[in-house]
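K.L.:
So I've got this file, my_file.cif, and it contains mmCIF, C-alpha atoms:
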```
data_input
#
loop_
_atom_site.label_atom_id
_atom_site.label_comp_id
_atom_site.auth_asym_id
_atom_site.auth_seq_id
_atom_site.Cartn_x
_atom_site.Cartn_y
_atom_site.Cartn_z
CA MET N 601 9.83 -26.97 -21.81
CA ARG N 602 10.65 -27.25 -18.14
CA ASN N 603 14.15 -26.03 -18.93
CA ASN N 604 12.82 -22.75 -20.20
CA ILE N 605 10.83 -22.15 -17.05
CA ALA N 606 13.96 -22.90 -15.03
CA LYS N 607 15.85 -20.45 -17.21
CA ASP N 608 13.18 -17.81 -16.65
CA LEU N 609 13.30 -18.36 -12.90
CA HIS N 610 17.04 -17.97 -12.96
CA ASP N 611 17.22 -15.02 -15.35
CA GLU N 612 14.23 -13.06 -14.23
CA ILE N 613 13.65 -13.88 -10.58
CA GLY N 614 17.18 -14.88 -9.64
CA SER N 615 18.72 -11.73 -11.02
CA THR N 616 16.05 -9.56 -9.38
CA LEU N 617 16.78 -11.16 -6.02
CA THR N 618 20.50 -10.58 -6.52
CA SER N 619 19.79 -6.95 -7.22
CA ILE N 620 17.59 -6.69 -4.12
CA LYS N 621 20.35 -8.20 -2.02
CA ILE N 622 22.90 -5.72 -3.36
CA LEU N 623 20.55 -2.77 -2.89
CA SER N 624 19.85 -3.86 0.68
CA GLU N 625 23.54 -3.98 1.49
CA VAL N 626 24.21 -0.64 -0.12
CA SER N 627 21.26 0.91 1.72
CA GLY N 628 22.70 -0.37 4.95
CA LYS N 629 26.03 1.23 4.17
CA SER N 630 24.64 4.60 3.12
CA ILE N 631 21.84 4.96 5.63
CA ASP N 632 23.84 6.96 8.15
CA ARG N 633 25.78 9.12 5.76
CA ASP N 634 23.16 9.77 3.11
CA SER N 635 19.59 8.89 4.02
CA GLY N 636 18.28 10.36 0.77
CA LYS N 637 20.29 7.83 -1.21
CA ALA N 638 19.22 5.03 1.14
CA ARG N 639 15.59 6.01 0.63
CA ALA N 640 16.01 5.85 -3.15
CA PHE N 641 17.56 2.37 -2.84
CA LEU N 642 14.76 1.23 -0.56
CA GLU N 643 12.20 2.37 -3.12
CA LYS N 644 14.01 0.33 -5.75
CA ILE N 645 13.96 -2.70 -3.44
CA SER N 646 10.24 -2.25 -3.04
CA GLU N 647 9.68 -2.02 -6.81
CA GLN N 648 11.87 -5.00 -7.58
CA SER N 649 10.27 -7.14 -4.87
CA ALA N 650 6.86 -6.42 -6.37
CA ALA N 651 8.18 -7.29 -9.83
CA ALA N 652 9.60 -10.57 -8.52
CA GLN N 653 6.28 -11.48 -6.88
CA GLN N 654 4.47 -10.75 -10.11
CA GLY N 655 7.07 -12.73 -12.06
CA ILE N 656 6.65 -15.80 -9.89
CA SER N 657 2.88 -15.53 -10.04
CA ASP N 658 3.07 -15.38 -13.85
CA ILE N 659 5.32 -18.46 -13.98
CA VAL N 660 3.02 -20.42 -11.66
CA TRP N 661 0.01 -19.40 -13.76
CA ALA N 662 1.66 -20.51 -17.02
CA VAL N 663 2.69 -23.87 -15.59
CA LYS N 664 -0.80 -24.87 -14.43
CA PRO N 665 -2.39 -27.17 -17.04
CA GLU N 666 -5.88 -25.80 -16.29
CA ASN N 667 -4.82 -22.45 -17.77
CA ASP N 668 -4.19 -23.88 -21.21
CA LYS N 669 -7.02 -22.14 -23.10
CA LEU N 670 -7.07 -18.63 -24.55
CA GLU N 671 -10.12 -18.09 -22.35
CA ASN N 672 -7.84 -18.22 -19.30
CA MET N 673 -5.30 -15.98 -21.02
CA VAL N 674 -7.91 -13.28 -21.52
CA ILE N 675 -8.86 -13.42 -17.84
CA ARG N 676 -5.27 -12.93 -16.78
CA MET N 677 -4.81 -10.14 -19.34
CA ARG N 678 -7.82 -8.29 -17.90
CA GLU N 679 -6.55 -8.73 -14.36
CA TYR N 680 -3.12 -7.47 -15.32
CA ALA N 681 -4.55 -4.46 -17.16
CA ALA N 682 -6.76 -3.57 -14.18
CA GLN N 683 -3.86 -3.92 -11.77
CA THR N 684 -1.38 -1.91 -13.87
CA LEU N 685 -3.43 0.67 -15.75
CA GLU N 686 -6.53 1.47 -13.70
CA SER N 687 -4.72 3.58 -11.16
CA LYS N 688 -3.45 5.65 -14.09
CA ASN N 689 -7.02 6.18 -15.31
CA VAL N 690 -6.50 4.16 -18.43
CA ARG N 691 -9.49 2.20 -19.64
CA THR N 692 -8.73 -1.20 -21.16
CA ASP N 693 -11.13 -3.02 -23.48
CA ILE N 694 -10.20 -6.58 -24.31
CA HIS N 695 -12.01 -8.39 -27.09
CA ILE N 696 -11.56 -11.94 -28.33
CA ASP N 697 -13.36 -13.83 -31.10
CA ALA N 698 -15.72 -16.22 -29.31
CA GLN N 699 -14.56 -19.12 -31.49
CA LEU N 700 -11.02 -18.70 -30.11
CA LEU N 701 -11.91 -19.09 -26.42
CA GLY N 702 -11.26 -22.82 -26.46
CA THR N 703 -8.00 -22.61 -28.41
CA GLY N 704 -5.23 -24.33 -26.49
CA LEU N 705 -1.68 -23.08 -26.02
CA SER N 706 1.34 -24.99 -24.72
CA MET N 707 3.01 -23.91 -21.48
CA GLN N 708 5.80 -22.12 -23.27
CA GLN N 709 3.35 -20.47 -25.71
CA ARG N 710 1.25 -19.19 -22.79
CA ARG N 711 4.37 -17.79 -21.20
CA ASP N 712 5.63 -16.03 -24.33
CA PHE N 713 2.22 -14.70 -25.35
CA PHE N 714 1.45 -13.30 -21.90
CA LEU N 715 4.91 -11.75 -21.51
CA ILE N 716 4.59 -9.91 -24.83
CA TYR N 717 1.28 -8.50 -23.60
CA LYS N 718 2.75 -7.70 -20.17
CA GLU N 719 5.67 -5.80 -21.68
CA ALA N 720 3.30 -3.79 -23.88
CA VAL N 721 1.08 -2.92 -20.91
CA ASN N 722 4.07 -1.98 -18.74
CA ASN N 723 5.32 0.37 -21.45
CA ILE N 724 1.91 1.96 -21.76
CA ALA N 725 1.81 2.46 -17.98
CA LYS N 726 5.28 3.97 -17.89
CA TYR N 727 5.44 6.13 -20.99
CA ALA N 728 2.24 6.48 -22.95
CA GLY N 729 0.04 8.80 -20.93
CA ALA N 730 -2.89 7.09 -22.65
CA THR N 731 -6.54 7.07 -21.64
CA LEU N 732 -7.70 4.10 -23.70
CA VAL N 733 -6.15 0.77 -24.61
CA THR N 734 -7.87 -1.70 -26.92
CA VAL N 735 -6.74 -5.31 -27.10
CA ASP N 736 -8.08 -7.47 -29.89
CA ILE N 737 -7.52 -11.18 -30.40
CA ARG N 738 -8.83 -12.78 -33.55
CA ALA N 739 -8.17 -15.47 -36.12
CA GLU N 740 -7.41 -14.45 -39.69
CA GLY N 741 -6.72 -17.27 -42.08
CA HIS N 742 -4.39 -19.70 -40.33
CA SER N 743 -3.00 -17.12 -37.93
CA LEU N 744 -3.80 -15.81 -34.47
CA HIS N 745 -3.59 -12.02 -34.26
CA LEU N 746 -3.04 -10.00 -31.10
CA ARG N 747 -3.38 -6.26 -31.54
CA ILE N 748 -2.73 -3.81 -28.72
CA ARG N 749 -3.50 -0.17 -29.44
CA ASP N 750 -3.19 2.84 -27.15
CA ASN N 751 -4.09 6.50 -27.68
CA GLY N 752 -1.05 7.84 -25.85
CA ALA N 753 2.00 9.84 -26.75
CA GLY N 754 3.60 7.34 -29.11
CA PHE N 755 7.35 7.06 -29.61
CA ASP N 756 10.01 7.18 -32.30
CA THR N 757 10.33 3.56 -33.42
CA ALA N 758 13.54 4.27 -35.33
CA ARG N 759 15.34 5.40 -32.22
CA SER N 760 13.95 2.90 -29.73
CA ARG N 761 14.36 -0.21 -31.85
CA SER N 762 16.77 -1.93 -29.53
CA THR N 763 15.61 -1.28 -25.97
CA SER N 764 15.79 -4.52 -24.00
CA GLY N 765 12.02 -4.58 -23.51
CA LEU N 766 11.32 -4.41 -27.23
CA ARG N 767 14.08 -6.92 -27.97
CA ASN N 768 12.47 -9.31 -25.49
CA MET N 769 9.14 -8.91 -27.19
CA ARG N 770 10.64 -9.70 -30.58
CA SER N 771 12.51 -12.77 -29.35
CA ARG N 772 9.37 -14.10 -27.71
CA ALA N 773 7.44 -13.51 -30.94
CA GLU N 774 10.16 -15.48 -32.73
CA ALA N 775 9.94 -18.28 -30.15
CA LEU N 776 6.22 -18.43 -30.95
CA GLY N 777 7.11 -18.85 -34.61
CA GLY N 778 5.44 -15.55 -35.41
CA THR N 779 6.07 -11.92 -36.27
CA LEU N 780 5.79 -8.71 -34.27
CA GLU N 781 5.08 -5.32 -35.81
CA ILE N 782 5.21 -2.08 -33.83
CA ASN N 783 3.78 1.08 -35.33
CA SER N 784 4.05 4.34 -33.52
CA SER N 785 4.70 8.01 -34.03
CA ALA N 786 4.83 10.97 -31.70
CA GLY N 787 1.33 12.07 -30.71
CA GLU N 788 -0.37 9.25 -32.61
CA GLY N 789 -0.33 6.46 -30.05
CA THR N 790 1.13 3.01 -30.54
CA ALA N 791 -0.11 -0.19 -32.20
CA ILE N 792 1.50 -3.54 -31.50
CA HIS N 793 0.61 -6.44 -33.76
CA LEU N 794 1.62 -10.02 -33.02
CA ARG N 795 0.86 -12.69 -35.60
CA ILE N 796 1.42 -16.34 -34.77
CA PRO N 797 0.55 -19.44 -36.77
CA LEU N 798 -2.41 -21.47 -35.56
CA THR N 799 -1.82 -25.21 -35.80
CA MET D 495 -10.49 7.49 17.29
CA ALA D 496 -8.16 5.06 15.59
CA ILE D 497 -9.54 1.75 14.32
CA LYS D 498 -8.30 -1.00 16.63
CA VAL D 499 -6.88 -3.96 14.71
CA LEU D 500 -6.21 -7.42 16.17
CA VAL D 501 -3.89 -9.60 14.08
CA TYR D 502 -3.63 -13.40 14.06
CA ASP D 503 -0.71 -14.92 12.15
CA ASP D 504 1.59 -17.78 13.08
CA ASN D 505 4.52 -16.28 11.15
CA GLU D 506 6.62 -13.95 13.32
CA ALA D 507 8.11 -11.96 10.44
CA LEU D 508 4.64 -11.32 9.04
CA ARG D 509 3.28 -10.24 12.40
CA ALA D 510 6.09 -7.71 12.61
CA SER D 511 5.64 -6.39 9.05
CA ILE D 512 1.86 -6.15 9.31
CA GLY D 513 2.30 -4.39 12.64
CA ALA D 514 4.61 -1.86 11.02
CA LEU D 515 2.12 -1.30 8.18
CA ILE D 516 -0.73 -0.70 10.61
CA GLU D 517 1.27 1.67 12.76
CA ALA D 518 2.23 3.67 9.68
CA GLU D 519 -1.44 4.57 9.14
CA ASP D 520 -2.81 7.43 11.25
CA ASP D 521 -6.30 5.99 11.51
CA LEU D 522 -5.27 2.43 12.41
CA GLU D 523 -3.85 1.03 15.64
CA MET D 524 -2.69 -2.51 16.32
CA VAL D 525 -3.97 -3.72 19.68
CA ALA D 526 -2.09 -7.03 19.53
CA ALA D 527 -0.51 -9.58 17.18
CA MET D 528 -1.26 -13.15 18.24
CA SER D 529 0.49 -16.24 16.94
CA ASN D 530 -2.52 -18.51 17.34
CA ALA D 531 -6.29 -18.33 17.72
CA GLU D 532 -6.68 -20.87 20.51
CA THR D 533 -8.13 -18.35 22.96
CA VAL D 534 -9.93 -16.19 20.41
CA GLU D 535 -13.05 -15.64 22.56
CA THR D 536 -11.12 -14.31 25.57
CA ASP D 537 -8.87 -12.31 23.22
CA LEU D 538 -11.90 -10.48 21.85
CA GLN D 539 -13.31 -9.87 25.31
CA GLN D 540 -10.05 -8.50 26.67
CA LEU D 541 -8.81 -6.56 23.66
CA ARG D 542 -12.10 -5.32 22.14
CA PRO D 543 -10.82 -4.81 18.59
CA ASP D 544 -12.81 -3.00 15.87
CA VAL D 545 -11.57 -5.40 13.21
CA VAL D 546 -9.69 -8.72 13.14
CA LEU D 547 -7.07 -9.75 10.57
CA MET D 548 -6.93 -13.54 10.55
CA ASP D 549 -4.36 -15.73 8.82
CA ILE D 550 -6.30 -18.42 7.01
CA ASP D 551 -3.77 -21.17 7.58
CA MET D 552 -2.63 -21.66 11.17
CA PRO D 553 -1.85 -24.77 13.21
CA VAL D 554 -4.17 -26.09 15.98
CA VAL D 555 -7.02 -23.64 15.35
CA ASP D 556 -7.04 -22.62 11.68
CA GLY D 557 -8.46 -19.35 10.40
CA VAL D 558 -11.74 -20.83 9.19
CA ALA D 559 -12.45 -22.47 12.56
CA ALA D 560 -11.48 -19.26 14.32
CA VAL D 561 -13.98 -17.23 12.26
CA SER D 562 -16.74 -19.69 13.20
CA ARG D 563 -15.88 -19.23 16.84
CA ILE D 564 -15.82 -15.43 16.52
CA ARG D 565 -19.23 -15.44 14.84
CA LYS D 566 -20.70 -17.47 17.69
CA THR D 567 -19.92 -14.61 20.06
CA ASP D 568 -20.15 -11.61 17.73
CA ALA D 569 -22.28 -11.52 14.59
CA LYS D 570 -20.97 -8.21 13.35
CA LEU D 571 -17.26 -7.89 14.11
CA PRO D 572 -15.44 -7.43 10.77
CA VAL D 573 -12.97 -10.25 10.11
CA VAL D 574 -10.57 -10.06 7.13
CA MET D 575 -8.75 -13.26 6.17
CA LEU D 576 -5.08 -13.15 5.19
CA THR D 577 -4.12 -15.70 2.59
CA ILE D 578 -1.24 -16.57 0.28
CA PHE D 579 -1.90 -16.87 -3.49
CA ASP D 580 -5.56 -17.54 -4.11
CA ASP D 581 -6.43 -20.26 -1.60
CA THR D 582 -9.92 -20.55 -3.05
CA ASP D 583 -11.30 -23.42 -1.00
CA ASN D 584 -10.29 -21.95 2.33
CA ILE D 585 -11.38 -18.45 1.35
CA PHE D 586 -14.76 -19.74 0.32
CA ASN D 587 -15.11 -21.73 3.54
CA ALA D 588 -14.06 -18.69 5.55
CA ILE D 589 -16.69 -16.50 3.88
CA CYS D 590 -19.33 -19.14 4.53
CA ALA D 591 -18.17 -19.28 8.16
CA GLY D 592 -18.73 -15.52 8.34
CA ALA D 593 -15.57 -13.74 7.17
CA SER D 594 -16.15 -10.18 5.93
CA GLY D 595 -13.47 -10.22 3.31
CA TYR D 596 -10.00 -11.43 2.41
CA LEU D 597 -6.64 -10.10 1.40
CA LEU D 598 -3.68 -11.71 -0.37
CA LYS D 599 -0.56 -11.39 1.79
CA GLN D 600 1.48 -10.34 -1.23
CA HIS D 601 -0.83 -7.34 -1.70
CA VAL D 602 -0.86 -6.43 1.96
CA THR D 603 1.37 -3.36 1.54
CA THR D 604 -0.90 -1.69 -0.99
CA GLU D 605 -4.24 -3.10 0.12
CA LEU D 606 -4.30 -3.58 3.90
CA ALA D 607 -5.45 -0.11 4.94
CA GLY D 608 -8.03 -0.05 2.13
CA ALA D 609 -9.37 -3.51 3.00
CA VAL D 610 -9.74 -2.61 6.70
CA ARG D 611 -11.57 0.61 5.87
CA THR D 612 -13.76 -1.18 3.30
CA VAL D 613 -15.00 -3.82 5.73
CA MET D 614 -15.42 -1.21 8.48
CA ALA D 615 -17.66 0.69 6.07
CA GLY D 616 -19.68 -2.45 5.41
CA GLY D 617 -18.12 -3.31 2.06
CA ALA D 618 -16.77 -6.65 0.85
CA PRO D 619 -13.98 -7.49 -1.63
CA MET D 620 -14.15 -10.46 -4.04
CA THR D 621 -11.94 -12.01 -6.75
CA GLY D 622 -12.54 -14.21 -9.79
CA SER D 623 -11.65 -17.65 -8.47
CA VAL D 624 -13.84 -17.26 -5.37
CA ALA D 625 -16.63 -15.89 -7.58
CA ARG D 626 -16.44 -19.07 -9.66
CA LYS D 627 -16.96 -21.15 -6.54
CA VAL D 628 -19.90 -19.03 -5.44
CA LEU D 629 -21.56 -19.55 -8.84
CA ALA D 630 -21.06 -23.29 -8.53
CA MET D 631 -22.26 -23.53 -4.95
CA VAL D 632 -25.12 -21.10 -4.55
CA PRO D 633 -28.28 -21.71 -6.58
CA LYS D 634 -29.88 -19.00 -8.70
CA ALA D 635 -33.26 -17.60 -7.72
CA ALA D 636 -36.04 -18.79 -9.98
CA ALA D 637 -38.49 -16.30 -8.49
CA LYS D 638 -38.33 -13.11 -6.46
CA GLU D 639 -39.27 -14.87 -3.21
CA GLN D 640 -36.17 -17.01 -3.46
CA GLU D 641 -33.86 -14.04 -3.61
CA THR D 642 -33.12 -13.94 0.12
CA SER D 643 -30.80 -16.91 -0.11
CA ARG D 644 -30.39 -17.45 -3.86
CA LEU D 645 -28.55 -15.33 -6.41
CA SER D 646 -30.43 -12.68 -8.40
CA GLU D 647 -29.78 -12.18 -12.11
CA ARG D 648 -27.69 -9.09 -11.43
CA GLU D 649 -25.58 -10.88 -8.84
CA THR D 650 -25.06 -13.84 -11.17
CA ALA D 651 -23.97 -11.45 -13.93
CA ILE D 652 -21.50 -9.76 -11.62
CA LEU D 653 -20.04 -13.06 -10.42
CA GLN D 654 -19.62 -14.17 -14.04
CA LEU D 655 -17.81 -10.92 -14.88
CA LEU D 656 -15.55 -11.42 -11.86
CA VAL D 657 -14.80 -14.93 -13.07
CA ASN D 658 -13.80 -13.38 -16.41
CA GLY D 659 -11.24 -11.12 -14.78
CA PHE D 660 -13.23 -7.87 -14.76
CA SER D 661 -12.21 -5.35 -12.11
CA TYR D 662 -14.87 -3.35 -10.23
CA LYS D 663 -14.22 -0.40 -12.53
CA MET D 664 -14.51 -2.57 -15.64
CA MET D 665 -17.75 -4.11 -14.35
CA ALA D 666 -19.23 -0.70 -13.62
CA ALA D 667 -18.41 0.37 -17.19
CA GLU D 668 -19.75 -2.88 -18.65
CA LEU D 669 -23.05 -2.78 -16.73
CA GLY D 670 -23.52 0.97 -16.91
CA VAL D 671 -23.65 1.50 -13.14
CA THR D 672 -21.45 3.17 -10.52
CA ILE D 673 -18.70 1.32 -8.65
CA ASP D 674 -20.72 1.82 -5.46
CA THR D 675 -23.56 -0.16 -7.00
CA ILE D 676 -21.14 -2.99 -7.81
CA ARG D 677 -19.87 -2.95 -4.22
CA PHE D 678 -23.44 -3.00 -2.94
CA HIS D 679 -24.23 -6.12 -4.97
CA ILE D 680 -21.07 -7.89 -3.83
CA LYS D 681 -21.94 -7.18 -0.22
CA LYS D 682 -25.35 -8.74 -0.89
CA ILE D 683 -23.60 -11.80 -2.31
CA TYR D 684 -21.59 -12.16 0.89
CA ASP D 685 -24.77 -11.87 2.94
CA LYS D 686 -26.36 -14.61 0.86
CA LEU D 687 -23.35 -16.85 1.37
CA HIS D 688 -23.76 -16.43 5.10
CA VAL D 689 -27.49 -17.17 4.92
CA HIS D 690 -27.02 -20.07 2.54
CA SER D 691 -24.29 -21.48 4.69
CA ALA D 692 -26.28 -21.07 7.86
CA ALA D 693 -28.84 -23.33 6.23
CA GLY D 694 -26.09 -25.91 6.22
CA ALA D 695 -26.32 -26.73 2.54
CA VAL D 696 -22.91 -25.42 1.60
CA SER D 697 -20.95 -27.04 4.39
CA ARG D 698 -22.73 -30.29 3.66
CA ALA D 699 -21.79 -30.08 0.02
CA ILE D 700 -18.16 -29.41 0.92
CA ARG D 701 -18.20 -32.24 3.44
CA ASP D 702 -19.71 -34.57 0.88
CA LYS D 703 -17.07 -33.37 -1.55
CA LEU D 704 -19.54 -32.25 -4.15
CA VAL D 705 -17.10 -29.54 -5.25
#
```
Now that the file is in, can you turn its structure into C-alpha cells?
P.N.:
Amino acid sequence: MRNNIAKDLHDEIGSTLTSIKILSEVSGKSIDRDSGKARAFLEKISEQSAAAQQGISDIVWAVKPENDKLENMVIRMREYAAQTLESKNVRTDIHIDAQLLGTGLSMQQRRDFFLIYKEAVNNIAKYAGATLVTVDIRAEGHSLHLRIRDNGAGFDTARSRSTSGLRNMRSRAEALGGTLEINSSAGEGTAIHLRIPLT
Amino acid sequence: MAIKVLVYDDNEALRASIGALIEAEDDLEMVAAMSNAETVETDLQQLRPDVVLMDIDMPVVDGVAAVSRIRKTDAKLPVVMLTIFDDTDNIFNAICAGASGYLLKQHVTTELAGAVRTVMAGGAPMTGSVARKVLAMVPKAAAKEQETSRLSERETAILQLLVNGFSYKMMAAELGVTIDTIRFHIKKIYDKLHVHSAAGAVSRAIRDKLV
C-alpha cells in the first residue's frame, strides 16, 4: 500500500514540480522578449502549484488512520465541493445513508474513492456550467454506490471516452474492484455511477 | 486610508511573499515584517498597526504567547494567526488567548486580503477541526442565563455543521438563514471562547491534558 502512495507522489506531485521548474525557466527566458507569454507561463505555474498543494493535502489525508470511515470521506467531499464549486455558484448536496457512516475503507480505497470524486468535481467546475450537483452514497445489496449528478451542459460520451481524466477514473474504479458508468448527453447533464463491492 | 498590517513570521521567504501580497492590494499597507515577537509591545507602540498577522509557530516567543501579550495591552487589535495545515491545538489555544481569526499559509494568496478585511469588520473565520475542539471544550448552555459563556443551541448546531465539512454557504442553505447570520453566530462563538478562557477553565483543561 505504501508503494502506491509513493507512486502517486512521484507521478502526480513529482511531475507537477518538474513542470513548474520548466515553466519557471522558460518564463525567465521569455520575460524580456515576450512578457505576454511569460505571464501565461506564470499563471500556469500558479495553477500547478495550487494543484500540487491540493494533491499533497489529499495524500496526507488518505494516509491518516483516523480518516478511515466514510463519515470522514463525506466531510472531505463537502469541503472539496465548497472550495471548487461555490465560487462558480454551483450548489452541492451530499447525502449518505446513515448506516454507512461507520463503514471503513483501507488507505488505498480512500485514495481511489476520493480521487474519482475529485475528478468528477473538477470536470463539473471546468466544463459543465451546472447550478446543482447531487452526490448520493448508499448501500444496495452487497455493493456501495456513489452517484454524482449535475444539471450542466453534458458531453458526448462516445467522443470523450479516452480523455486521461476519464481513463484515470476507470482505472481507479477497477483498482477498487468495482465498475464505473458515465451517462451524459448534450444539454442533459451528466451522471456518474461508481459501484464497489462491500466486504 | 490604507489598513496598516504588521507581519510576524520567522521565515524570510514568507515575509517577502506576504509583503508582496499586501502591497498588491490598494487598501492594505505593510508597516513592517518582523522575524520574531520578542518585543511585541514596543512594536505595537511604535508602529501602530490596524491589524497583526502572526505566525503561530515561532522560536523564543511563539504566536500563542505573543497574542496573550498583545491582549494584555490592547483588547481590540485584530490579530490573525498564520498556520500551516490545520494546526488545531495551536489554533484553538491562540483563539482562547484572544486571536481574532486564522489563515492557512497555503491559502494566503487567495484568502489574505479577505481575512484581513473580515477581522477588521468584526468577523471571524472558523474551520471544521477547530469547531470540533470548541464543541469538546466549551459546555452547552442548559438555560438562557448560561448563554454568556456557554454555547447556545444554534451555535452548537453551527459548530456541528462545520465539523461535518459544511461551508458558510452550505450552512446558510441548511439552516435557512443568510450567510451574515452565520458569520454573526461564529463571531459570538469566538467571543464565548475568549470569555470561557478568561475564566481559566480551558487553559486548565489543556494544561491538565484533558483533551
K.L.:
Convert the output of the PyMOL selection byres ((chain N) within 7 of (chain D)) on the shown file into explicit residues, formatted as a ChimeraX atom specification.
P.N.:
/N:675-676,678-679,682
K.L.:
Let me know the residues the PyMOL selection byres ((chain N and resi 639-646) around 12) catches in the file above, as a VMD selection string.
P.N.:
(chain N and resid 616 to 638 647 to 653) or (chain D and resid 603 to 604)
K.L.:
When distances are computed from only C-alpha atoms, which of N:Ala786, N:Lys669, N:Thr684, N:Thr731 shows the smallest separation from Ala758 of chain N?
P.N.:
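Answer, going by the shortest atom-to-atom distance: N:Ala786.
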K.L.:
Can you list, as a ChimeraX atom specification, the residues that the PyMOL selection byres ((chain N and resi 707-724) around 7) selects here?
P.N.:
/N:601,662-663,681,705-706,725-728,765,769,772,776
K.L.:
Write out as a list in words which residues come within 8 Å of Ser784 of chain N when counting all atoms listed in the file, dropping same-chain ones fewer than 4 positions away.
P.N.:
Gly754, Phe755, Asp756, Thr757, Glu788, Gly789, Thr790 and Ala791 of chain N
K.L.:
Calculated over only C-alpha atoms, which of the candidates N:Gly777, N:Asp668, N:Asp693, N:Lys688 has the smallest distance to Met665 of chain D?
P.N.:
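Among the listed residues, the smallest separation from Met665 of chain D belongs to N:Asp693.
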K.L.:
When you draw a straight line from atom CA of Leu780 of chain N to atom CA of Pro797 of chain N, how long is it in Å?
P.N.:
12.2 Å
K.L.:
One number please: atom CA of Glu671 of chain N to atom CA of Pro619 of chain D, in Å, one decimal.
P.N.:
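Atom-to-atom, atom CA of Glu671 of chain N and atom CA of Pro619 of chain D are spaced 23.6 Å apart.
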K.L.:
Find the spatial neighbours of Ile676 of chain D, counting all atoms listed in the file, within a cut-off of 8 Å - ignore same-chain residues fewer than 4 positions away - and output them as an NGL selection string.
P.N.:
:D and (652 or 662 or 665-666 or 671-672 or 680)
